[in-house]
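Trainee: Sharing a structure here in structure tokens format.
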Amino acid sequence: MSDDWSGFAVLDDDDDLLGDSAIDTLDYAKEEDSQEQKASVGSSLQPPSIDDPSVNFEPMFIPQGRQLELSEENVYGVLQACREEIGTMFGYSPENRGVGITGGVDFVAMDGPSIILRLKGRFWHQRTTVLDRVGAYLKGRIPEIISVDIEDEWQLTDEANQG
């Protein structure tokens, strides 16, 4: 069996190798840079949008172990607080965006005692870790929540983290 290399040719345009994927060419701050430097770089980048109704709710800073009843309004408020309290995981602050963390979390739906979320953007931590931390935060304040799930399993992949 012989290999036929007759169709092999040099590509004139390397973009064909990437398909629709783009290489991130932004110059991010380094982890050891000052907070001011990180914020300066991050201020030039847009924060992740909040694409759910929780943007209209005040954060509900509730200590873990306090029991709120399960309702969409309580989930919205606790999720808003979560974005701030474990904010180092997300791209909502200029310092985090400055080092390339652009990730965000959105509420998608409530299916009985299950909460469905969407992850978007780039995270420093593995996406499964982000989902687990957000889930623990929500369940620790609204114990009626049985599970916190992702809208689409692809959102937990490394490929999704490049977006």
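All residue names refer to the structure tokens as shown: chains lettered A, B, ... in order, residues numbered from 1 in each chain, ligands numbered from 1 in order.
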For the strand (DSSP E or B) assignment from backbone DSSP, which residues of chain A qualify? Please present them as a PyMOL selection string.

Mentor: chain A and resi 104-111+114-120+147-150

Trainee: I want to know what sits within 7 Å of Val105 (chain A), based on only C-alpha atoms, with residues of the same chain fewer than 6 positions away left out; could you give that as a list of chain:residue names?

Mentor: A:Leu117, A:Arg118, A:Leu119, A:Lys120

Trainee: Rank A:Ile115, A:Leu68, A:Leu79, A:Ala160 by their smallest atom-to-atom distance to Ser54 (chain A), using only C-alpha atoms, and report the top residue only.

Mentor: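 Smallest distance to Ser54 (chain A) is found for A:Leu79.
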
Trainee: With distances taken over only C-alpha atoms, which of A:Arg133, A:Gln35, A:Arg122, A:Asn56 is nearest to Thr157 (chain A)?

Mentor: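 The shortest atom-to-atom distance to Thr157 (chain A) comes from A:Arg122.
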
Trainee: Looking at only C-alpha atoms, which of A:Ile101, A:Ala136, A:Val75, A:Ile62 is the one that sits closest to Gly42 (chain A)?

Mentor: A:Ile101
